[in-house]
Amino acid sequence: MMRFAGKMALTLLYCTAAALVAYSIGLALTSNFNMGNLMVWLLAAAAVVLAVWHKPLFQWFRGPLPGRVTGWALVILAIAYALLIGFVAVSGYANPPTGREQAILVLGAGLRRDQPSTLLRYRLDKAYEYAAAHPDMLVVTSGGQGRDEWVPEGQAMRDYLIAKGLDPERVIAENRSTSTEENFLFSLDLLKERGMSEATPIVYVSNSFHCYRAGEYARRAGFTSVTSLPASTPWRSVLPCYLREALALAYYWVFKTSTSGPMHALVGFLDLNKRFFYK
């Protein structure tokens, strides 16, 4: 029985490694380089190493003190990361809209030339459904222009919603922001120009994995009455997005921002904008 269980576990390891390699190749061929994809590639590499060299690795983990310490550290790290991913998956639905909000803020997530990315279309479609059901709400589309984007995200998002049927008079574009923090800060300026304030109830739209951290940034920007409308995530983006968001959440809890600290320096070194995180 033990030998059978061992063979089954080894077979599962081989299958997992093969699936991750195939998935990584698919990501490399169909999407841009980004933090989420990088984490998938690293996970695939770790699975391959474990599958190929499982015998000497397990012997080392069970043998000398450095091996045992390393093994337990990896186990604890994996459990902690799994708990973070679980928190990300659940927390995105913890603050639903009430229907009493006066404005809808749609957070940008990258363009392909001048068209919303798949991830962003999920946000926009969710925002459209809610805006159509609440015709008195103002809609703010927020996002600046990336290095490989032909127009500002906010403008492309506004065009998308208008093309779907929203009245142009109720959709305004915020075109300067380069981060989630700036999405809220600069959108607040636009709302103030229209007689609203930090106390005005708003609902923001993002993919569910991003909603918790976005809410934290909204409060840091000064909003005091904020709810979230979580959009789904394209199936092929689930693994990189959740792996990335778990890391980003831990980073936020330490630094309280995404625009400072060692990760910000790394992003600057790689000369990547927010597509590094969201594509």
# chains A, B, ... in the order shown; residues from 1 in each chain; ligands from 1
call {"tool": "residues_around", "arguments": {"residues": "A:Phe184", "least_positions_apart": "5", "cutoff": "12 Å", "atoms": "only C-alpha atoms", "output": "PyMOL selection string"}}
result
chain A and resi 104-108+140-143+174-179+189-191+198+202-205+214-223+226
call {"tool": "residues_around", "arguments": {"residues": "A:Leu119", "least_positions_apart": "5", "cutoff": "10 Å", "atoms": "only C-alpha atoms", "output": "MDAnalysis selection string"}}
result
chainID A and resid 108:111 124 206:207 231:234 237 241 278:279
call {"tool": "residues_around", "arguments": {"residues": "stretch 85-94 of chain A", "least_positions_apart": "5", "cutoff": "6 Å", "atoms": "only C-alpha atoms", "output": "list in words"}}
result
Ser208, Phe209, Cys211, Tyr212 and Ala246 of chain A
call {"tool": "write_last_selection", "arguments": {"atoms": "N, CA and C atoms", "output": "PDB file, in the first residue's frame"}}
result
ATOM      1  N   SER A 208     -11.961  40.131  -8.967  1.00  0.00           N
ATOM      2  CA  SER A 208     -12.169  39.771  -7.565  1.00  0.00           C
ATOM      3  C   SER A 208     -10.858  39.620  -6.797  1.00  0.00           C
ATOM      4  N   PHE A 209      -9.819  39.098  -7.438  1.00  0.00           N
ATOM      5  CA  PHE A 209      -8.558  38.895  -6.724  1.00  0.00           C
ATOM      6  C   PHE A 209      -7.925  40.207  -6.276  1.00  0.00           C
ATOM      7  N   CYS A 211      -9.722  43.066  -5.446  1.00  0.00           N
ATOM      8  CA  CYS A 211     -10.661  43.961  -4.762  1.00  0.00           C
ATOM      9  C   CYS A 211     -10.223  44.336  -3.350  1.00  0.00           C
ATOM     10  N   TYR A 212      -9.686  43.404  -2.593  1.00  0.00           N
ATOM     11  CA  TYR A 212      -9.317  43.731  -1.215  1.00  0.00           C
ATOM     12  C   TYR A 212      -8.263  44.831  -1.181  1.00  0.00           C
ATOM     13  N   ALA A 246      -1.199  37.414  -4.258  1.00  0.00           N
ATOM     14  CA  ALA A 246      -0.794  36.992  -2.917  1.00  0.00           C
ATOM     15  C   ALA A 246       0.515  37.656  -2.528  1.00  0.00           C
TER      16      ALA A 246
END
call {"tool": "closest_residue", "arguments": {"among": "A:Ala44, A:Val49, A:Leu65, A:Ala156", "to": "A:Ala19", "atoms": "only C-alpha atoms"}}
result
A:Ala44
call {"tool": "residues_around", "arguments": {"residues": "A:Lys164", "least_positions_apart": "4", "cutoff": "10 Å", "atoms": "only C-alpha atoms", "output": "PyMOL selection string"}}
result
chain A and resi 124-125+128+158-160
call {"tool": "select_by_dssp", "arguments": {"residues": "stretch 149-251 of chain A", "states": "strand (DSSP E)", "output": "tab-separated table (two decimals) with C-alpha atoms, in the first residue's frame"}}
result
chain	number	residue	atom	x	y	z
A	171	VAL	CA	-18.97	58.56	-18.34
A	172	ILE	CA	-15.80	60.55	-17.61
A	173	ALA	CA	-12.23	59.41	-18.18
A	174	GLU	CA	-9.30	59.83	-15.81
A	202	ILE	CA	-18.72	55.00	-4.46
A	203	VAL	CA	-18.31	51.49	-5.79
A	204	TYR	CA	-15.12	50.47	-7.59
A	205	VAL	CA	-14.87	47.68	-10.14
A	206	SER	CA	-11.91	45.33	-10.37
A	207	ASN	CA	-11.32	41.61	-10.76
A	226	VAL	CA	-16.50	52.49	-0.49
A	227	THR	CA	-17.85	49.18	-1.76
A	228	SER	CA	-16.47	46.81	-4.40
A	229	LEU	CA	-17.96	45.11	-7.42
A	230	PRO	CA	-15.82	42.06	-8.22
A	231	ALA	CA	-15.49	40.92	-11.81
call {"tool": "atom_distance", "arguments": {"atom1": "atom CA of A:Leu57", "atom2": "atom CA of A:Glu245"}}
result
29.4 Å
call {"tool": "select_by_dssp", "arguments": {"residues": "stretch 48-134 of chain A", "states": "helix (DSSP H, G or I)", "output": "PyMOL selection string"}}
result
chain A and resi 48-52+54-62+65-91+118-133
call {"tool": "closest_residue", "arguments": {"among": "A:Pro96, A:Ala47, A:Asp148, A:Leu161", "to": "A:Ala127", "atoms": "only C-alpha atoms"}}
result
A:Leu161
call {"tool": "atom_distance", "arguments": {"atom1": "atom CA of A:Gln115", "atom2": "atom CA of A:Glu193"}}
result
28.0 Å
call {"tool": "closest_residue", "arguments": {"among": "A:Ser31, A:Asn37, A:Thr180, A:Ser187", "to": "A:Arg112", "atoms": "only C-alpha atoms"}}
result
A:Ser31
call {"tool": "residues_around", "arguments": {"residues": "A:Ala51", "least_positions_apart": "6", "cutoff": "8 Å", "atoms": "only C-alpha atoms", "output": "VMD selection string"}}
result
chain A and resid 10 13 to 14 17
call {"tool": "write_last_selection", "arguments": {"atoms": "C-alpha atoms", "output": "PDB file, in the first residue's frame"}}
result
ATOM      1  CA  LEU A  10       5.160  10.472  -7.985  1.00  0.00           C
ATOM      2  CA  LEU A  13       4.099  15.112  -9.378  1.00  0.00           C
ATOM      3  CA  TYR A  14       5.120  14.261 -12.954  1.00  0.00           C
ATOM      4  CA  ALA A  17       5.153  19.374 -13.627  1.00  0.00           C
TER       5      ALA A  17
END
call {"tool": "atom_distance", "arguments": {"atom1": "atom CA of A:Pro116", "atom2": "atom CA of A:Glu153"}}
result
7.6 Å
call {"tool": "residues_around", "arguments": {"residues": "A:Pro135", "least_positions_apart": "6", "cutoff": "10 Å", "atoms": "only C-alpha atoms", "output": "MDAnalysis selection string"}}
result
chainID A and resid 166:167 170
call {"tool": "closest_residue", "arguments": {"among": "A:Arg244, A:His134, A:Arg147, A:Arg113", "to": "A:Arg100", "atoms": "only C-alpha atoms"}}
result
A:His134
